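For reference, query-v7.pdb (PDB, C-alpha atoms):
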ATOM      1  CA  MET Y   1      -0.187  67.803  64.845  1.00  0.00           C
ATOM      2  CA  PRO Y   2      -1.251  71.192  63.397  1.00  0.00           C
ATOM      3  CA  ASP Y   3      -3.649  71.137  60.470  1.00  0.00           C
ATOM      4  CA  PHE Y   4      -1.941  73.062  57.684  1.00  0.00           C
ATOM      5  CA  THR Y   5      -4.811  72.561  55.234  1.00  0.00           C
ATOM      6  CA  GLU Y   6      -6.930  75.180  57.031  1.00  0.00           C
ATOM      7  CA  ALA Y   7      -6.263  78.853  57.631  1.00  0.00           C
ATOM      8  CA  SER Y   8      -5.326  80.353  60.984  1.00  0.00           C
ATOM      9  CA  PRO Y   9      -7.878  82.658  62.662  1.00  0.00           C
ATOM     10  CA  PHE Y  10      -5.834  85.722  61.700  1.00  0.00           C
ATOM     11  CA  PHE Y  11      -5.571  84.569  58.080  1.00  0.00           C
ATOM     12  CA  ARG Y  12      -9.334  83.988  58.025  1.00  0.00           C
ATOM     13  CA  PHE Y  13      -9.859  87.524  59.305  1.00  0.00           C
ATOM     14  CA  LEU Y  14      -7.603  88.975  56.621  1.00  0.00           C
ATOM     15  CA  GLY Y  15      -9.367  86.919  53.978  1.00  0.00           C
ATOM     16  CA  ALA Y  16     -12.806  88.107  55.092  1.00  0.00           C
ATOM     17  CA  VAL Y  17     -11.695  91.746  55.079  1.00  0.00           C
ATOM     18  CA  SER Y  18      -9.796  91.721  51.790  1.00  0.00           C
ATOM     19  CA  ARG Y  19     -12.067  89.456  49.741  1.00  0.00           C
ATOM     20  CA  PRO Y  20     -14.633  92.199  48.921  1.00  0.00           C
ATOM     21  CA  VAL Y  21     -11.793  94.540  47.949  1.00  0.00           C
ATOM     22  CA  LEU Y  22      -9.910  92.184  45.641  1.00  0.00           C
ATOM     23  CA  TYR Y  23     -13.023  90.753  43.993  1.00  0.00           C
ATOM     24  CA  GLY Y  24     -14.732  94.158  43.925  1.00  0.00           C
ATOM     25  CA  PRO Y  25     -12.700  97.229  42.914  1.00  0.00           C
ATOM     26  CA  PHE Y  26      -9.666  95.196  41.822  1.00  0.00           C
ATOM     27  CA  ARG Y  27     -11.786  92.648  39.900  1.00  0.00           C
ATOM     28  CA  LEU Y  28      -9.661  89.626  40.789  1.00  0.00           C
ATOM     29  CA  ARG Y  29     -10.203  86.758  38.349  1.00  0.00           C
ATOM     30  CA  ALA Y  30      -8.854  83.256  38.921  1.00  0.00           C
ATOM     31  CA  PHE Y  31      -8.381  80.619  36.248  1.00  0.00           C
ATOM     32  CA  GLY Y  32      -7.361  76.975  36.397  1.00  0.00           C
ATOM     33  CA  LEU Y  33      -8.474  76.232  39.939  1.00  0.00           C
ATOM     34  CA  GLU Y  34      -9.319  72.707  38.802  1.00  0.00           C
ATOM     35  CA  HIS Y  35      -5.575  72.045  38.501  1.00  0.00           C
ATOM     36  CA  VAL Y  36      -4.882  72.759  42.173  1.00  0.00           C
ATOM     37  CA  PRO Y  37      -4.690  69.619  44.382  1.00  0.00           C
ATOM     38  CA  ARG Y  38      -7.690  69.522  46.707  1.00  0.00           C
ATOM     39  CA  ALA Y  39      -5.933  67.491  49.387  1.00  0.00           C
ATOM     40  CA  GLY Y  40      -2.378  67.082  50.606  1.00  0.00           C
ATOM     41  CA  GLY Y  41       0.516  69.478  50.569  1.00  0.00           C
ATOM     42  CA  PHE Y  42       2.173  70.965  47.497  1.00  0.00           C
ATOM     43  CA  VAL Y  43       4.537  73.700  46.377  1.00  0.00           C
ATOM     44  CA  LEU Y  44       2.974  76.622  44.506  1.00  0.00           C
ATOM     45  CA  ALA Y  45       5.441  78.616  42.376  1.00  0.00           C
ATOM     46  CA  SER Y  46       4.646  81.909  40.660  1.00  0.00           C
ATOM     47  CA  ASN Y  47       6.168  84.868  38.848  1.00  0.00           C
ATOM     48  CA  HIS Y  48       6.934  87.916  40.998  1.00  0.00           C
ATOM     49  CA  THR Y  49       6.264  91.538  40.004  1.00  0.00           C
ATOM     50  CA  SER Y  50       4.987  93.176  43.206  1.00  0.00           C
ATOM     51  CA  ASN Y  51       5.198  92.905  46.977  1.00  0.00           C
ATOM     52  CA  LEU Y  52       1.432  92.279  46.855  1.00  0.00           C
ATOM     53  CA  ASP Y  53       1.596  89.217  44.564  1.00  0.00           C
ATOM     54  CA  ALA Y  54       1.028  86.899  47.508  1.00  0.00           C
ATOM     55  CA  TRP Y  55      -2.503  88.051  48.267  1.00  0.00           C
ATOM     56  CA  PRO Y  56      -4.195  87.539  44.862  1.00  0.00           C
ATOM     57  CA  LEU Y  57      -2.269  84.272  44.636  1.00  0.00           C
ATOM     58  CA  ALA Y  58      -3.614  83.103  47.986  1.00  0.00           C
ATOM     59  CA  LEU Y  59      -7.189  84.380  48.081  1.00  0.00           C
ATOM     60  CA  PRO Y  60      -8.716  82.085  45.402  1.00  0.00           C
ATOM     61  CA  LEU Y  61      -7.465  79.086  47.442  1.00  0.00           C
ATOM     62  CA  TYR Y  62      -9.079  80.336  50.674  1.00  0.00           C
ATOM     63  CA  PRO Y  63      -9.650  78.858  53.240  1.00  0.00           C
ATOM     64  CA  ARG Y  64      -6.419  76.991  52.554  1.00  0.00           C
ATOM     65  CA  GLN Y  65      -3.516  79.023  53.852  1.00  0.00           C
ATOM     66  CA  LEU Y  66      -0.321  79.622  51.927  1.00  0.00           C
ATOM     67  CA  HIS Y  67       3.034  79.558  53.702  1.00  0.00           C
ATOM     68  CA  PHE Y  68       5.673  81.975  52.422  1.00  0.00           C
ATOM     69  CA  MET Y  69       9.328  82.508  53.159  1.00  0.00           C
ATOM     70  CA  ALA Y  70       9.875  86.021  54.541  1.00  0.00           C
ATOM     71  CA  LYS Y  71      13.322  87.572  54.818  1.00  0.00           C
ATOM     72  CA  ALA Y  72      14.695  87.142  58.330  1.00  0.00           C
ATOM     73  CA  GLU Y  73      15.346  90.875  58.840  1.00  0.00           C
ATOM     74  CA  LEU Y  74      11.578  91.470  58.890  1.00  0.00           C
ATOM     75  CA  TYR Y  75      11.212  89.370  62.030  1.00  0.00           C
ATOM     76  CA  LYS Y  76      11.168  92.156  64.583  1.00  0.00           C
ATOM     77  CA  PRO Y  77       8.778  92.718  67.517  1.00  0.00           C
ATOM     78  CA  VAL Y  78       5.149  93.001  66.398  1.00  0.00           C
ATOM     79  CA  LEU Y  79       5.875  92.493  62.687  1.00  0.00           C
ATOM     80  CA  GLY Y  80       7.370  89.063  63.348  1.00  0.00           C
ATOM     81  CA  THR Y  81       4.238  88.042  65.246  1.00  0.00           C
ATOM     82  CA  ILE Y  82       2.045  89.212  62.358  1.00  0.00           C
ATOM     83  CA  LEU Y  83       4.166  87.309  59.840  1.00  0.00           C
ATOM     84  CA  ASP Y  84       3.856  84.134  61.899  1.00  0.00           C
ATOM     85  CA  ALA Y  85       0.080  84.562  62.030  1.00  0.00           C
ATOM     86  CA  THR Y  86      -0.122  84.901  58.244  1.00  0.00           C
ATOM     87  CA  GLY Y  87       1.753  81.633  57.744  1.00  0.00           C
ATOM     88  CA  ALA Y  88       5.180  83.042  56.883  1.00  0.00           C
ATOM     89  CA  PHE Y  89       8.468  81.651  58.155  1.00  0.00           C
ATOM     90  CA  PRO Y  90      11.929  83.276  58.131  1.00  0.00           C
ATOM     91  CA  VAL Y  91      14.668  82.737  55.559  1.00  0.00           C
ATOM     92  CA  ARG Y  92      18.145  84.245  55.413  1.00  0.00           C
ATOM     93  CA  ARG Y  93      18.393  85.563  51.878  1.00  0.00           C
ATOM     94  CA  GLY Y  94      21.649  85.414  49.939  1.00  0.00           C
ATOM     95  CA  GLU Y  95      22.785  82.188  51.572  1.00  0.00           C
ATOM     96  CA  ARG Y  96      21.780  78.556  51.806  1.00  0.00           C
ATOM     97  CA  ASP Y  97      19.361  78.483  54.723  1.00  0.00           C
ATOM     98  CA  ALA Y  98      19.060  74.823  55.665  1.00  0.00           C
ATOM     99  CA  GLU Y  99      16.573  75.549  58.444  1.00  0.00           C
ATOM    100  CA  ALA Y 100      14.163  77.377  56.123  1.00  0.00           C
ATOM    101  CA  PHE Y 101      14.462  74.552  53.599  1.00  0.00           C
ATOM    102  CA  LYS Y 102      13.673  71.935  56.250  1.00  0.00           C
ATOM    103  CA  THR Y 103      10.706  73.986  57.455  1.00  0.00           C
ATOM    104  CA  ALA Y 104       9.314  74.215  53.911  1.00  0.00           C
ATOM    105  CA  VAL Y 105       9.734  70.477  53.311  1.00  0.00           C
ATOM    106  CA  TRP Y 106       8.060  69.688  56.635  1.00  0.00           C
ATOM    107  CA  LEU Y 107       5.129  72.004  55.917  1.00  0.00           C
ATOM    108  CA  ALA Y 108       4.546  70.435  52.488  1.00  0.00           C
ATOM    109  CA  ARG Y 109       4.752  66.887  53.848  1.00  0.00           C
ATOM    110  CA  GLU Y 110       2.275  67.737  56.590  1.00  0.00           C
ATOM    111  CA  GLY Y 111      -0.337  69.026  54.137  1.00  0.00           C
ATOM    112  CA  GLY Y 112       0.627  72.685  53.863  1.00  0.00           C
ATOM    113  CA  VAL Y 113       0.836  74.808  50.743  1.00  0.00           C
ATOM    114  CA  VAL Y 114       4.311  76.334  50.389  1.00  0.00           C
ATOM    115  CA  ALA Y 115       4.329  79.317  48.018  1.00  0.00           C
ATOM    116  CA  MET Y 116       7.554  80.301  46.281  1.00  0.00           C
ATOM    117  CA  PHE Y 117       8.765  82.907  43.808  1.00  0.00           C
ATOM    118  CA  PRO Y 118      11.570  81.226  41.788  1.00  0.00           C
ATOM    119  CA  GLU Y 119      12.617  84.576  40.310  1.00  0.00           C
ATOM    120  CA  GLY Y 120      13.619  85.715  43.791  1.00  0.00           C
ATOM    121  CA  THR Y 121      13.237  89.482  44.051  1.00  0.00           C
ATOM    122  CA  ARG Y 122      10.439  91.075  42.079  1.00  0.00           C
ATOM    123  CA  ARG Y 123      11.045  92.453  38.604  1.00  0.00           C
ATOM    124  CA  SER Y 124      11.508  96.223  38.417  1.00  0.00           C
ATOM    125  CA  LYS Y 125       8.985  97.839  36.109  1.00  0.00           C
ATOM    126  CA  GLY Y 126      10.469  99.892  33.300  1.00  0.00           C
ATOM    127  CA  LEU Y 127      14.023  98.679  33.908  1.00  0.00           C
ATOM    128  CA  ARG Y 128      15.971  96.397  31.626  1.00  0.00           C
ATOM    129  CA  LYS Y 129      18.453  94.053  33.196  1.00  0.00           C
ATOM    130  CA  LYS Y 130      21.795  93.467  31.525  1.00  0.00           C
ATOM    131  CA  ARG Y 131      21.429  89.794  32.362  1.00  0.00           C
ATOM    132  CA  GLU Y 132      18.312  87.812  33.167  1.00  0.00           C
ATOM    133  CA  ALA Y 133      18.536  86.338  36.645  1.00  0.00           C
ATOM    134  CA  ARG Y 134      18.630  82.560  36.717  1.00  0.00           C
ATOM    135  CA  PRO Y 135      15.490  81.220  38.434  1.00  0.00           C
ATOM    136  CA  HIS Y 136      16.199  79.671  41.806  1.00  0.00           C
ATOM    137  CA  PRO Y 137      15.611  75.892  41.967  1.00  0.00           C
ATOM    138  CA  GLY Y 138      14.395  76.074  45.565  1.00  0.00           C
ATOM    139  CA  ALA Y 139      10.723  75.428  44.749  1.00  0.00           C
ATOM    140  CA  ALA Y 140      11.620  72.327  42.739  1.00  0.00           C
ATOM    141  CA  ARG Y 141      14.046  71.104  45.412  1.00  0.00           C
ATOM    142  CA  ILE Y 142      11.383  71.402  48.104  1.00  0.00           C
ATOM    143  CA  ALA Y 143       8.780  69.557  46.009  1.00  0.00           C
ATOM    144  CA  LEU Y 144      11.212  66.785  45.063  1.00  0.00           C
ATOM    145  CA  THR Y 145      12.478  66.339  48.628  1.00  0.00           C
ATOM    146  CA  ALA Y 146       8.992  66.399  50.158  1.00  0.00           C
ATOM    147  CA  GLY Y 147       7.534  64.180  47.441  1.00  0.00           C
ATOM    148  CA  VAL Y 148       4.665  66.592  46.717  1.00  0.00           C
ATOM    149  CA  PRO Y 149       3.296  68.217  43.513  1.00  0.00           C
ATOM    150  CA  LEU Y 150       4.944  71.317  42.073  1.00  0.00           C
ATOM    151  CA  VAL Y 151       2.128  73.594  40.869  1.00  0.00           C
ATOM    152  CA  PRO Y 152       2.869  76.557  38.556  1.00  0.00           C
ATOM    153  CA  ALA Y 153       0.953  79.821  38.800  1.00  0.00           C
ATOM    154  CA  ALA Y 154       1.039  83.296  37.299  1.00  0.00           C
ATOM    155  CA  VAL Y 155      -0.138  86.619  38.698  1.00  0.00           C
ATOM    156  CA  GLY Y 156      -0.918  89.675  36.584  1.00  0.00           C
ATOM    157  CA  GLY Y 157      -1.999  93.241  37.286  1.00  0.00           C
ATOM    158  CA  THR Y 158      -0.262  93.768  40.618  1.00  0.00           C
ATOM    159  CA  ASP Y 159       2.114  96.245  38.990  1.00  0.00           C
ATOM    160  CA  ARG Y 160      -0.855  98.466  38.025  1.00  0.00           C
ATOM    161  CA  LEU Y 161      -2.765  98.712  41.294  1.00  0.00           C
ATOM    162  CA  SER Y 162      -3.370 102.439  40.884  1.00  0.00           C
ATOM    163  CA  ARG Y 163      -5.681 101.560  37.980  1.00  0.00           C
ATOM    164  CA  LEU Y 164      -7.795  99.320  40.240  1.00  0.00           C
ATOM    165  CA  GLY Y 165      -7.132  96.143  38.345  1.00  0.00           C
ATOM    166  CA  PRO Y 166      -8.097  93.887  36.917  1.00  0.00           C
ATOM    167  CA  LEU Y 167      -5.999  91.362  38.814  1.00  0.00           C
ATOM    168  CA  HIS Y 168      -5.495  87.948  37.248  1.00  0.00           C
ATOM    169  CA  VAL Y 169      -4.147  84.697  38.641  1.00  0.00           C
ATOM    170  CA  ALA Y 170      -3.839  81.435  36.731  1.00  0.00           C
ATOM    171  CA  TYR Y 171      -2.965  78.008  38.109  1.00  0.00           C
ATOM    172  CA  GLY Y 172      -1.498  75.284  35.930  1.00  0.00           C
ATOM    173  CA  SER Y 173      -1.318  71.509  36.076  1.00  0.00           C
ATOM    174  CA  PRO Y 174       1.418  70.117  38.352  1.00  0.00           C
ATOM    175  CA  ILE Y 175       4.803  69.903  36.677  1.00  0.00           C
ATOM    176  CA  GLU Y 176       5.843  66.421  35.543  1.00  0.00           C
ATOM    177  CA  LEU Y 177       8.645  65.387  37.890  1.00  0.00           C
ATOM    178  CA  ASP Y 178       9.395  61.955  36.416  1.00  0.00           C
ATOM    179  CA  GLY Y 179      12.307  61.284  34.101  1.00  0.00           C
ATOM    180  CA  LEU Y 180      14.483  64.091  35.427  1.00  0.00           C
ATOM    181  CA  GLY Y 181      18.275  64.209  35.827  1.00  0.00           C
ATOM    182  CA  THR Y 182      20.116  61.427  37.608  1.00  0.00           C
ATOM    183  CA  THR Y 183      21.396  63.687  40.414  1.00  0.00           C
ATOM    184  CA  ARG Y 184      19.274  65.756  42.768  1.00  0.00           C
ATOM    185  CA  ARG Y 185      20.884  68.949  41.505  1.00  0.00           C
ATOM    186  CA  TRP Y 186      20.136  68.231  37.843  1.00  0.00           C
ATOM    187  CA  ALA Y 187      16.633  66.989  38.647  1.00  0.00           C
ATOM    188  CA  ALA Y 188      15.848  70.272  40.418  1.00  0.00           C
ATOM    189  CA  GLN Y 189      17.302  72.283  37.544  1.00  0.00           C
ATOM    190  CA  GLU Y 190      15.295  70.435  34.882  1.00  0.00           C
ATOM    191  CA  ALA Y 191      12.126  70.718  36.975  1.00  0.00           C
ATOM    192  CA  THR Y 192      12.754  74.464  37.327  1.00  0.00           C
ATOM    193  CA  GLU Y 193      13.113  74.849  33.552  1.00  0.00           C
ATOM    194  CA  ARG Y 194       9.788  73.068  33.040  1.00  0.00           C
ATOM    195  CA  LEU Y 195       8.242  75.208  35.761  1.00  0.00           C
ATOM    196  CA  MET Y 196       9.357  78.529  34.281  1.00  0.00           C
ATOM    197  CA  GLU Y 197       8.154  77.535  30.802  1.00  0.00           C
ATOM    198  CA  GLU Y 198       4.707  76.809  32.225  1.00  0.00           C
ATOM    199  CA  ILE Y 199       4.620  80.034  34.249  1.00  0.00           C
ATOM    200  CA  ALA Y 200       5.422  81.978  31.064  1.00  0.00           C
ATOM    201  CA  ARG Y 201       2.641  80.134  29.232  1.00  0.00           C
ATOM    202  CA  LEU Y 202       0.166  80.963  31.992  1.00  0.00           C
ATOM    203  CA  GLN Y 203       1.125  84.632  31.836  1.00  0.00           C
ATOM    204  CA  SER Y 204       0.422  84.648  28.099  1.00  0.00           C
ATOM    205  CA  THR Y 205      -3.163  83.490  28.725  1.00  0.00           C
ATOM    206  CA  PHE Y 206      -4.225  86.612  30.622  1.00  0.00           C
ATOM    207  CA  ALA Y 207      -5.070  88.574  27.484  1.00  0.00           C
ATOM    208  CA  ASP Y 208      -7.274  85.740  26.211  1.00  0.00           C
ATOM    209  CA  ASN Y 209      -9.033  85.441  29.563  1.00  0.00           C
ATOM    210  CA  SER Y 210      -9.523  89.166  30.199  1.00  0.00           C
ATOM    211  CA  ARG Y 211     -13.246  88.969  29.474  1.00  0.00           C
ATOM    212  CA  ALA Y 212     -13.829  85.576  31.105  1.00  0.00           C
ATOM    213  CA  GLU Y 213     -15.768  85.168  34.320  1.00  0.00           C
ATOM    214  CA  PRO Y 214     -13.851  84.054  37.421  1.00  0.00           C
ATOM    215  CA  GLU Y 215     -13.990  80.378  38.279  1.00  0.00           C
TER     216      GLU Y 215
END
Transcribe the structure of this file into structure tokens.
Amino acid sequence: MPDFTEASPFFRFLGAVSRPVLYGPFRLRAFGLEHVPRAGGFVLASNHTSNLDAWPLALPLYPRQLHFMAKAELYKPVLGTILDATGAFPVRRGERDAEAFKTAVWLAREGGVVAMFPEGTRRSKGLRKKREARPHPGAARIALTAGVPLVPAAVGGTDRLSRLGPLHVAYGSPIELDGLGTTRRWAAQEATERLMEEIARLQSTFADNSRAEPE
């Protein structure tokens, strides 16, 4: 059985190359690492503002590898191989993809870290939406089905990369999953509401932690 608690050789290479960059010029600072489970699989759910959110979210947990859903249309020759090597797996966006869901549940049960962005597509900077998109309950559904912790996280600074940081990431305590709705649908919805409240709280801490040393 594959060991999903350790990074693949390609992921280790990327981590070694990018670590000096993110912790150097981009001044990546991580907070709340003590809340992240040290053993066993879990679902890590974060806000989403940039296509590069995944890397500052993943690097403080190195050498553990994060597994992301990547839209199926990206799986073309060469790029698909690279995505596989970085721990991604395909998902058909805009529809219920049972296979992607089963893959995520399996990865979490087998000790992997499944990273999700409940907001779906990233927020567009400078644009105001007429209606706030409802967060997707997929992260909560995966955690509940797999029986693993649901860990909130927040990433900041990835929308200002031209300023060379600082990048911030904060990890919160696992969301309480007891005492939820009586049906699986309502349980996932209530867990998602708790999750998004905690992600918003973590985002609000970045200003307070701006002068703190990384953990």
Choose the residue, out of Y:Tyr75, Y:Tyr171, Y:Tyr62, Y:Trp106, that has the smallest atom-to-atom separation from Glu6 in chain Y; count all atoms listed in the file.
->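 Nearest candidate to Glu6 in chain Y out of Y:Tyr75, Y:Tyr171, Y:Tyr62, Y:Trp106: Y:Tyr62.
Residues in contact with Trp55 in chain Y at up to 10 Å, not including ones fewer than 6 positions away on its chain and judged by only C-alpha atoms, are Leu14, Gly15, Ser18, Arg19, Leu22, Leu66, Val155 and Thr158 of chain Y.
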Residues returned when the PyMOL selection byres ((chain Y and resi 13) around 12) runs on this file, as a list of chain:residue names | Y:Ala7, Y:Ser8, Y:Pro9, Y:Phe10, Y:Phe11, Y:Arg12, Y:Leu14, Y:Gly15, Y:Ala16, Y:Val17, Y:Ser18, Y:Arg19, Y:Leu59, Y:Tyr62, Y:Pro63, Y:Gln65, Y:Ala85, Y:Thr86
What does the PyMOL selection byres ((chain Y and resi 203) around 12) select in this file, as a ChimeraX atom specification?
-> /Y:31,46-49,152-157,168-172,196-202,204-210
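A straight line drawn from CA of Leu33 in chain Y to CA of Arg163 in chain Y is 25.6 Å long.
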Near range 111-118 of chain Y, counting only C-alpha atoms, which residues have an atom at most 8 Å away, once you skip same-chain residues fewer than 6 positions from it, shown as an mmCIF file with C-alpha atoms, in the coordinates of the input?
data_model
loop_
_atom_site.group_PDB
_atom_site.id
_atom_site.type_symbol
_atom_site.label_atom_id
_atom_site.label_comp_id
_atom_site.auth_asym_id
_atom_site.auth_seq_id
_atom_site.Cartn_x
_atom_site.Cartn_y
_atom_site.Cartn_z
ATOM 1 C CA ASP Y 3 -3.649 71.137 60.470
ATOM 2 C CA PHE Y 4 -1.941 73.062 57.684
ATOM 3 C CA THR Y 5 -4.811 72.561 55.234
ATOM 4 C CA ALA Y 39 -5.933 67.491 49.387
ATOM 5 C CA GLY Y 40 -2.378 67.082 50.606
ATOM 6 C CA GLY Y 41 0.516 69.478 50.569
ATOM 7 C CA PHE Y 42 2.173 70.965 47.497
ATOM 8 C CA VAL Y 43 4.537 73.700 46.377
ATOM 9 C CA LEU Y 44 2.974 76.622 44.506
ATOM 10 C CA ALA Y 45 5.441 78.616 42.376
ATOM 11 C CA SER Y 46 4.646 81.909 40.660
ATOM 12 C CA ASN Y 47 6.168 84.868 38.848
ATOM 13 C CA HIS Y 48 6.934 87.916 40.998
ATOM 14 C CA ARG Y 64 -6.419 76.991 52.554
ATOM 15 C CA GLN Y 65 -3.516 79.023 53.852
ATOM 16 C CA LEU Y 66 -0.321 79.622 51.927
ATOM 17 C CA HIS Y 67 3.034 79.558 53.702
ATOM 18 C CA PHE Y 68 5.673 81.975 52.422
ATOM 19 C CA MET Y 69 9.328 82.508 53.159
ATOM 20 C CA ALA Y 104 9.314 74.215 53.911
ATOM 21 C CA PRO Y 135 15.490 81.220 38.434
ATOM 22 C CA HIS Y 136 16.199 79.671 41.806
ATOM 23 C CA PRO Y 137 15.611 75.892 41.967
ATOM 24 C CA GLY Y 138 14.395 76.074 45.565
ATOM 25 C CA ALA Y 139 10.723 75.428 44.749
#
Any chance you could resolve the PyMOL selection byres ((chain Y and resi 149) around 7) against this file and give the residues as JSON, numbers by chain?
-> {"Y": [42, 43, 143, 148, 150, 151, 174]}
Find the residue from Y:Ala72, Y:Val91, Y:Ile82, Y:Leu180 that sits nearest to Arg194 in chain Y; use all atoms listed in the file when measuring.
->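 Between Y:Ala72, Y:Val91, Y:Ile82, Y:Leu180, the residue approaching Arg194 in chain Y most closely is Y:Leu180.
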Looking at Y:Leu144, Y:Glu193, Y:Leu52, Y:Val105, which one is nearest to Asp178 in chain Y, with distances taken over only C-alpha atoms?
-> Y:Leu144
Name the closest residue to Phe26 in chain Y among the candidates Y:Gln189, Y:Arg184, Y:Leu164, Y:Leu74; distances are taken between atoms, counting only C-alpha atoms.
->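 Using only C-alpha atoms, the shortest distance to Phe26 in chain Y belongs to Y:Leu164.
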